[in-house]
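S.K.: Questions regarding the structure given below will be posed in turn.
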There are 2 protein chains.
Amino acid sequence: MNFSDRLTAVRAEMARFDLAGFLVPRSDEHLGEYVPPSAERLAWLTGFTGSAGLAVVLADRAAVWSDGRYVLQLADQTDGTLWERHHLTESPPPKWVAANTLAGERIGYDPWLMSEDSLARFREAGLSLVALATNPVDAAWDDRPAAPLAPAEPYDETYAGRSSEDKRAQIAAALRAEKQDAAVLSDPASIAWLLNIRGKDVGFTPFALGFALLHADGGVELFMDPAKLPPETRAWLGNKIACAPRSALPKALHALAGKRVRLDNVGSPAWFAETLREAGADIVPGADPCLLPKAMKNASEQSGARAAQARDAVAVCRFLHWLRDAAGHETEMSASAELLRLRAEGALFRGESFPAIAGAGEHGAIMHYRVTPETNREIRTNEVFLIDSGGQYLDGTTDITRTIWTGPGAPPAELCDRFTRVLKGHIAIATLMFPEGVAGVRLDAFARAALWQVGLDFDHGTGHGVGSYLSVHEGPVSISPYLRPASLAEGMILSNEPGFYLPGAYGIRLENLLLVQPAETQGTKKFFRFETLTWAPFDRTLIKTDLLSPSEVAWLDAYHARVLALVGPNVPIDVRDWLNAACAPLETISA
Amino acid sequence: MNFSDRLTAVRAEMARFDLAGFLVPRSDEHLGEYVPPSAERLAWLTGFTGSAGLAVVLADRAAVWSDGRYVLQLADQTDGTLWERHHLTESPPPKWVAANTLAGERIGYDPWLMSEDSLARFREAGLSLVALATNPVDAAWDDRPAAPLAPAEPYDETYAGRSSEDKRAQIAAALRAEKQDAAVLSDPASIAWLLNIRGKDVGFTPFALGFALLHADGGVELFMDPAKLPPETRAWLGNKIACAPRSALPKALHALAGKRVRLDNVGSPAWFAETLREAGADIVPGADPCLLPKAMKNASEQSGARAAQARDAVAVCRFLHWLRDAAGHETEMSASAELLRLRAEGALFRGESFPAIAGAGEHGAIMHYRVTPETNREIRTNEVFLIDSGGQYLDGTTDITRTIWTGPGAPPAELCDRFTRVLKGHIAIATLMFPEGVAGVRLDAFARAALWQVGLDFDHGTGHGVGSYLSVHEGPVSISPYLRPASLAEGMILSNEPGFYLPGAYGIRLENLLLVQPAETQGTKKFFRFETLTWAPFDRTLIKTDLLSPSEVAWLDAYHARVLALVGPNVPIDVRDWLNAACAPLETISA
């Protein structure tokens, strides 16, 4: 079926249910970022493979949305004769649907694929939403892949740092303190963290897809296909974890009649709220109770992160050395493959933490570019090469971006100006100190001020949370323009990745991971600082030194010295020679 | 009646209505900052006179809340044997009431004094709220002053910059675009702006208390005591403004049955929502439609602001010169009086824009200190004197804070360090450039970063909006830690007032007003910069020059040069001589 046929088939299904419209989000039943092939409904229907998006099918029109990261990709991957293409925040879907349908017309949605919160936006626009028992896309999708059944595996306490029993006791006590009887866990990352298990149902994030109910006595009902729970894992889970297939979920929710049940209206599918209401449970809206403790890494997770990052740094530095001679004969794909090959030589490596973004020249301006055989191109001399990649190691998850001038000529002055402003933003975040209780939105602009000063900006957040051998994008905290209330807290790992993009020309992004640490200060209030976790040189050929303040130069020199000390002893001699030069102190005007 | 008797009398009233509790906010029927004496219920009941607070009376306990600005004042002014004292955000009232009452007990509130939004916090805590037709405090308050009846006056278009008709047409068109039939205006500042009238019902803010309904055809029903509308004002309003006493309000709301009525659930008393629901109107939640256009000053208002600020600067500079010889014989009160006297010599001066905060030494650490004959003290040598004050001029509203070392000895090094960090924060805000669409919460931390770097902070926002011959604290935008979504926009006037407070010792605050202006940049996106409006020297004896960067020194020197150029020609020769020295370039190490 081509994309036109697919749209026709979905419209035929819609007509059977008397629907004027149908919402097709990108999410799966866990509302997560990486979804199994069986849940790639948006890609099947529209061709768009980005990690955030929504399509709306009406009888005679259809539209697909994504955000600033994907503007170019959305236009590239979808057929403009079938699909109007829109920006999620600039032209919100509920408004579009309201403008293009009549009052009272039935708009269908799959309650497994959308949260109560996202549905509220459509209801506020005055739309008549109808929950569907079967998904019209699934009915039309004739060769839909089967759901994954990878086995869930124990995650050793050496890495996890705490027993599952201990974690369950903590969360259960939190539920009791709020007089809640149970909490719904629909995020597989929360289940992985809480039960100290990992899996491989989806790419890049090592969790096992499933749902759970955590009771206030610390007991857990785990809803996961029995085929995914081999005897070793069942034994590891112990007798306080009752396992049942997902088909047992409705009955388990009905057993909560009259109970106070905590449910995340943003992170959980609306199906849970609808079923709990039907069951007569008392829904208490509240964030997934695992989110915050999972984000605050314990001492074992912190030292695991440092160790994983040190190994990752060896691979990245070896790769940057290799890249010196790449222009003219290597490609985006071969470079990505080489970096993966080097990472795989490191201990405890289990795979990439996301599909590497390797963008040469103009491809670097596509913020979440993913090279394909069709788009792959040679890395040329005298251009910018951006590579954003990460690894999943048993002891930690990494994520690093470097932007390189391929040479051998000197880079243009304007490019160096932009690169240096991005670097100033990176350093401003890295050197911040801030008190307890500060939400990420209050820090984000420090990454932008040097760009703002000349009227420039970048259209993505500055940083996201990162898991411990889990999701590379982890909540509840981010450093971004969004007004999220969660505050930065001790032990959180966040990325620091300001950028600048000139469409059609190049992209710049400079990313390290940071760990929130307590700071010693003159005051009495609790303060935090960032410990840098990521170690690889920034390309000095792109730095316009006279744009840096003395303290910025000092930061960079100290950072490079630490890269050299940490990585130098662990790389071959030719890499070390290169690293010596790449990490030498900057030559400043006064020197 | 003493405070104990008052509490007993209110409890007796509560018992008559079978109430377990009663909420006494600080607000009047307009939920505004400055209220007439007849609405000072919180002060009458508890003694606390701050501008933000709430009391809760239970049968056998009572508590009073305020925020960080008023911690010391709250403790000073209220009787700890009658009142528990709490911090509004650290120990929220709804939680306290829920913990100290039984489920189902009736908690009374006056629907004229609280918004739906503030009531929601109490309802979410599970409390059973009861709207009261009469206020128990009013019943107990035997010598309650009468409501003010000052005449409303025309506000000339020379100052307003636009006709009321033009403004009404703009807002009415906005209502029609949202398919709204009418909007409730309960904020007298909105009415003053919309109808180009001013008044003097309360201190410091020149508006006339009243309510209005704005209809989608541009017509207005104004509810205001007829005694406040002399013939000249009636004529000025014209025949599209129907005037009626407040007693006509219920009937007017009932006439909106079946209509879509815009209502601000945060800024309007709950009485409106309750009455509109009763009337069968369709309430559309939405911000007061005058808020945003009122905040974006037009060209006449902007030039009015510059002119008013220039006259204010003359008064402030003369005052700072006078202050040089004040230590040892002048007091906080005599200094405030002198500044008022000097302001009153300026053209178009109509009064103070708020009660001056003149804090010598330890009084400066009380963030909203208001000197009284009981607290008044001499300004001593070798201490810090903080003065935060402003004027209402027909062409603009001013607000400025300076912090002075009284000498003649040298100030302690730590004090200079703190002063300079506050100054760095002030300069960081003043020199920001930022794109369209940025909310104030994203800028606030620039005012704090230099303090954060040594583990210090201040417990108030960095800046508030300022009206045009209207409220000195004006919404919808602020530069503060609060997650308010409104973005900074062209023509807005905001204060920039970082501070640092050492309780029991001193307070530092440095405040200028800023005007949001379009910026010319290298990029294509719309950017803004701040135009400084306020002109008076910063006390150089408190500046630790080596903490400033070269660009900070350059900003300060340029600022001082402009103060001298603007103010110098308009002050007596002895003041000019002093100003010459006060505005000379800083001596830096390299000079």
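Numbering starts fresh at 1 for the residues of each chain in the structure tokens, the chains themselves are lettered A, B, ... in the order given, and ligands are numbered from 1 as they appear.
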Using only C-alpha atoms, I'd like every residue of chain B that has an atom within 10 Å of chain A; please write them out as a compact mmCIF listing (two decimals) with N, CA and C atoms, in the first residue's frame.
M.R.:
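Listed below is the output, out.txt:
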# COMPACT_ATOMS: atom_id res chain seq x y z
N THR B 431 21.23 44.94 30.44
CA THR B 431 21.92 44.79 29.16
C THR B 431 21.43 43.58 28.35
N LEU B 432 20.43 42.87 28.85
CA LEU B 432 19.93 41.69 28.14
C LEU B 432 19.32 42.07 26.80
N MET B 433 19.50 41.18 25.83
CA MET B 433 18.64 41.20 24.65
C MET B 433 17.95 39.85 24.61
N PHE B 434 16.74 39.81 24.11
CA PHE B 434 15.98 38.56 24.16
C PHE B 434 14.90 38.58 23.09
N PRO B 435 14.54 37.40 22.60
CA PRO B 435 13.57 37.36 21.50
C PRO B 435 12.14 37.56 21.98
N VAL B 438 9.38 35.63 25.25
CA VAL B 438 10.09 35.19 26.45
C VAL B 438 9.35 35.66 27.70
N ALA B 439 8.98 34.71 28.55
CA ALA B 439 8.33 35.05 29.81
C ALA B 439 9.38 35.52 30.82
N GLY B 440 8.96 36.36 31.77
CA GLY B 440 9.89 36.94 32.73
C GLY B 440 10.66 35.93 33.56
N VAL B 441 10.04 34.78 33.83
CA VAL B 441 10.71 33.77 34.64
C VAL B 441 12.02 33.30 33.99
N ARG B 442 12.13 33.47 32.67
CA ARG B 442 13.34 33.01 31.99
C ARG B 442 14.47 34.02 32.13
N LEU B 443 14.17 35.23 32.58
CA LEU B 443 15.21 36.25 32.71
C LEU B 443 15.64 36.48 34.16
N ASP B 444 14.77 36.13 35.09
CA ASP B 444 14.97 36.46 36.49
C ASP B 444 16.34 36.06 37.04
N ALA B 445 16.84 34.89 36.70
CA ALA B 445 18.07 34.39 37.32
C ALA B 445 19.31 35.20 36.93
N PHE B 446 19.24 35.96 35.83
CA PHE B 446 20.39 36.81 35.49
C PHE B 446 20.64 37.84 36.59
N ARG B 448 20.40 37.22 39.66
CA ARG B 448 20.82 36.49 40.87
C ARG B 448 22.17 35.78 40.71
N ALA B 449 22.60 35.54 39.46
CA ALA B 449 23.73 34.64 39.24
C ALA B 449 24.96 35.05 40.04
N ALA B 450 25.25 36.35 40.14
CA ALA B 450 26.46 36.78 40.85
C ALA B 450 26.34 36.51 42.34
N LEU B 451 25.13 36.59 42.88
CA LEU B 451 24.91 36.22 44.28
C LEU B 451 24.94 34.70 44.45
N TRP B 452 24.26 34.00 43.55
CA TRP B 452 24.24 32.53 43.61
C TRP B 452 25.66 31.97 43.63
N GLN B 453 26.55 32.65 42.91
CA GLN B 453 27.93 32.14 42.79
C GLN B 453 28.61 32.02 44.15
N VAL B 454 28.12 32.78 45.15
CA VAL B 454 28.68 32.65 46.50
C VAL B 454 27.61 32.16 47.49
N GLY B 455 26.58 31.52 46.95
CA GLY B 455 25.60 30.88 47.84
C GLY B 455 24.59 31.83 48.45
N LEU B 456 24.39 33.00 47.84
CA LEU B 456 23.44 33.98 48.38
C LEU B 456 22.29 34.20 47.39
N ASP B 457 21.22 34.84 47.85
CA ASP B 457 20.04 35.05 47.01
C ASP B 457 19.19 36.14 47.65
N SER B 480 10.39 37.30 37.53
CA SER B 480 10.35 36.68 38.85
C SER B 480 10.44 35.17 38.72
N PRO B 481 10.63 34.48 39.85
CA PRO B 481 10.70 33.01 39.79
C PRO B 481 9.36 32.35 39.48
N TYR B 482 8.26 33.09 39.50
CA TYR B 482 6.97 32.46 39.31
C TYR B 482 6.76 32.07 37.85
N LEU B 483 6.13 30.91 37.64
CA LEU B 483 5.96 30.38 36.29
C LEU B 483 4.75 31.02 35.61
N ARG B 484 4.81 32.34 35.39
CA ARG B 484 3.73 33.03 34.69
C ARG B 484 4.00 33.00 33.20
N PRO B 485 2.98 32.64 32.40
CA PRO B 485 3.23 32.45 30.97
C PRO B 485 3.37 33.74 30.15
N ALA B 519 14.82 45.70 19.20
CA ALA B 519 16.27 45.79 19.04
C ALA B 519 16.63 45.48 17.59
N GLU B 520 17.60 46.18 17.07
CA GLU B 520 18.13 45.83 15.75
C GLU B 520 19.19 44.76 15.93
N THR B 521 19.07 43.69 15.17
CA THR B 521 20.01 42.58 15.34
C THR B 521 20.45 42.04 13.99
N GLN B 522 21.37 41.07 14.05
CA GLN B 522 21.84 40.40 12.84
C GLN B 522 20.83 39.38 12.32
N GLY B 523 19.91 38.93 13.20
CA GLY B 523 19.00 37.85 12.81
C GLY B 523 17.71 38.36 12.21
N THR B 524 16.80 37.43 11.94
CA THR B 524 15.54 37.79 11.30
C THR B 524 14.38 37.80 12.30
N LYS B 525 14.60 37.19 13.47
CA LYS B 525 13.55 37.11 14.47
C LYS B 525 13.42 38.45 15.19
N LYS B 526 12.23 38.74 15.74
CA LYS B 526 12.01 39.98 16.47
C LYS B 526 12.69 39.89 17.84
N PHE B 527 13.53 40.84 18.13
CA PHE B 527 14.24 40.87 19.42
C PHE B 527 13.94 42.16 20.17
N PHE B 528 14.11 42.10 21.48
CA PHE B 528 13.92 43.26 22.33
C PHE B 528 15.18 43.57 23.13
N ARG B 529 15.28 44.84 23.53
CA ARG B 529 16.30 45.28 24.48
C ARG B 529 15.59 46.19 25.48
N SER B 549 33.28 43.22 35.41
CA SER B 549 33.96 42.96 34.14
C SER B 549 34.13 44.28 33.41
N PRO B 550 35.04 44.33 32.41
CA PRO B 550 35.20 45.57 31.66
C PRO B 550 33.88 46.06 31.05
S.K.: Skip Glu490 (chain B) itself and residues of its chain fewer than 5 positions away, then list as a PyMOL selection string all residues within 7 Å of it, counting only C-alpha atoms.
M.R.: chain B and resi 296+516-518
S.K.: Write out as a ChimeraX atom specification the set of residues from region 228-469 of chain A that DSSP, computed on the backbone, places in strand (DSSP E).
M.R.: /A:241-244,260-263,282-285,349-352,357-360,384-389,391-393,396-397,400-405,433-435,463-465
S.K.: Go ahead and save the residues from that selection, with C-alpha atoms, as a PDB file, in the first residue's frame.
M.R.:
ATOM      1  CA  ILE A 241       5.745  -9.104  42.752  1.00  0.00           C
ATOM      2  CA  ALA A 242       2.665 -10.779  41.250  1.00  0.00           C
ATOM      3  CA  CYS A 243       3.018 -11.306  37.508  1.00  0.00           C
ATOM      4  CA  ALA A 244       0.094 -11.454  35.092  1.00  0.00           C
ATOM      5  CA  ARG A 260      -7.583   6.191  46.171  1.00  0.00           C
ATOM      6  CA  VAL A 261      -5.412   5.546  43.111  1.00  0.00           C
ATOM      7  CA  ARG A 262      -2.602   7.840  42.041  1.00  0.00           C
ATOM      8  CA  LEU A 263      -2.469   8.393  38.293  1.00  0.00           C
ATOM      9  CA  ASP A 282     -11.058   7.570  43.374  1.00  0.00           C
ATOM     10  CA  ILE A 283      -8.393   8.934  41.010  1.00  0.00           C
ATOM     11  CA  VAL A 284      -5.787  11.165  42.653  1.00  0.00           C
ATOM     12  CA  PRO A 285      -3.876  13.063  39.969  1.00  0.00           C
ATOM     13  CA  PHE A 349      28.798  -1.479  26.258  1.00  0.00           C
ATOM     14  CA  ARG A 350      25.302  -2.623  25.302  1.00  0.00           C
ATOM     15  CA  GLY A 351      24.411  -0.424  22.321  1.00  0.00           C
ATOM     16  CA  GLU A 352      23.676   3.143  21.297  1.00  0.00           C
ATOM     17  CA  ILE A 357      22.892  12.219  14.526  1.00  0.00           C
ATOM     18  CA  ALA A 358      25.786  12.617  12.105  1.00  0.00           C
ATOM     19  CA  GLY A 359      25.160  15.707  10.031  1.00  0.00           C
ATOM     20  CA  ALA A 360      27.686  16.981   7.511  1.00  0.00           C
ATOM     21  CA  VAL A 384      31.113  21.664   9.564  1.00  0.00           C
ATOM     22  CA  PHE A 385      30.438  18.141  10.815  1.00  0.00           C
ATOM     23  CA  LEU A 386      28.092  17.687  13.784  1.00  0.00           C
ATOM     24  CA  ILE A 387      27.861  14.391  15.616  1.00  0.00           C
ATOM     25  CA  ASP A 388      25.449  13.773  18.502  1.00  0.00           C
ATOM     26  CA  SER A 389      25.584  10.236  19.855  1.00  0.00           C
ATOM     27  CA  GLY A 391      26.051   4.756  24.475  1.00  0.00           C
ATOM     28  CA  GLN A 392      24.184   2.468  26.773  1.00  0.00           C
ATOM     29  CA  TYR A 393      26.626   0.877  29.209  1.00  0.00           C
ATOM     30  CA  GLY A 396      25.445   4.308  32.728  1.00  0.00           C
ATOM     31  CA  THR A 397      23.982   6.114  29.733  1.00  0.00           C
ATOM     32  CA  ILE A 400      27.644  13.811  23.727  1.00  0.00           C
ATOM     33  CA  THR A 401      27.695  16.230  20.801  1.00  0.00           C
ATOM     34  CA  ARG A 402      30.747  17.741  19.183  1.00  0.00           C
ATOM     35  CA  THR A 403      30.939  20.037  16.161  1.00  0.00           C
ATOM     36  CA  ILE A 404      34.064  19.824  14.035  1.00  0.00           C
ATOM     37  CA  TRP A 405      35.596  21.901  11.240  1.00  0.00           C
ATOM     38  CA  MET A 433      25.609  27.719  40.964  1.00  0.00           C
ATOM     39  CA  PHE A 434      21.993  27.838  42.068  1.00  0.00           C
ATOM     40  CA  PRO A 435      19.892  27.248  45.167  1.00  0.00           C
ATOM     41  CA  GLY A 463      19.113  20.123  28.366  1.00  0.00           C
ATOM     42  CA  HIS A 464      17.197  16.985  29.259  1.00  0.00           C
ATOM     43  CA  GLY A 465      17.468  14.488  32.094  1.00  0.00           C
TER      44      GLY A 465
END
S.K.: Step one, run DSSP on the backbone; step two, keep only residues of region 2-248 of chain A assigned to helix (DSSP H, G or I); then write them as a PyMOL selection string.
M.R.: chain A and resi 3-16+37-39+41-46+68-77+93-100+116-124+136-140+157-160+164-177+188-195+226-228+231-237+246-248
S.K.: Out of A:Cys290, A:Gly258, A:Leu237, A:Trp44, which residue has the shortest atom-to-atom distance to Ala174 (chain A) when counting only C-alpha atoms?
M.R.: A:Cys290
S.K.: Rounded to one decimal, what separation in Å do you get between CA of Val563 (chain B) and CA of Pro537 (chain B)?
M.R.: 6.9 Å
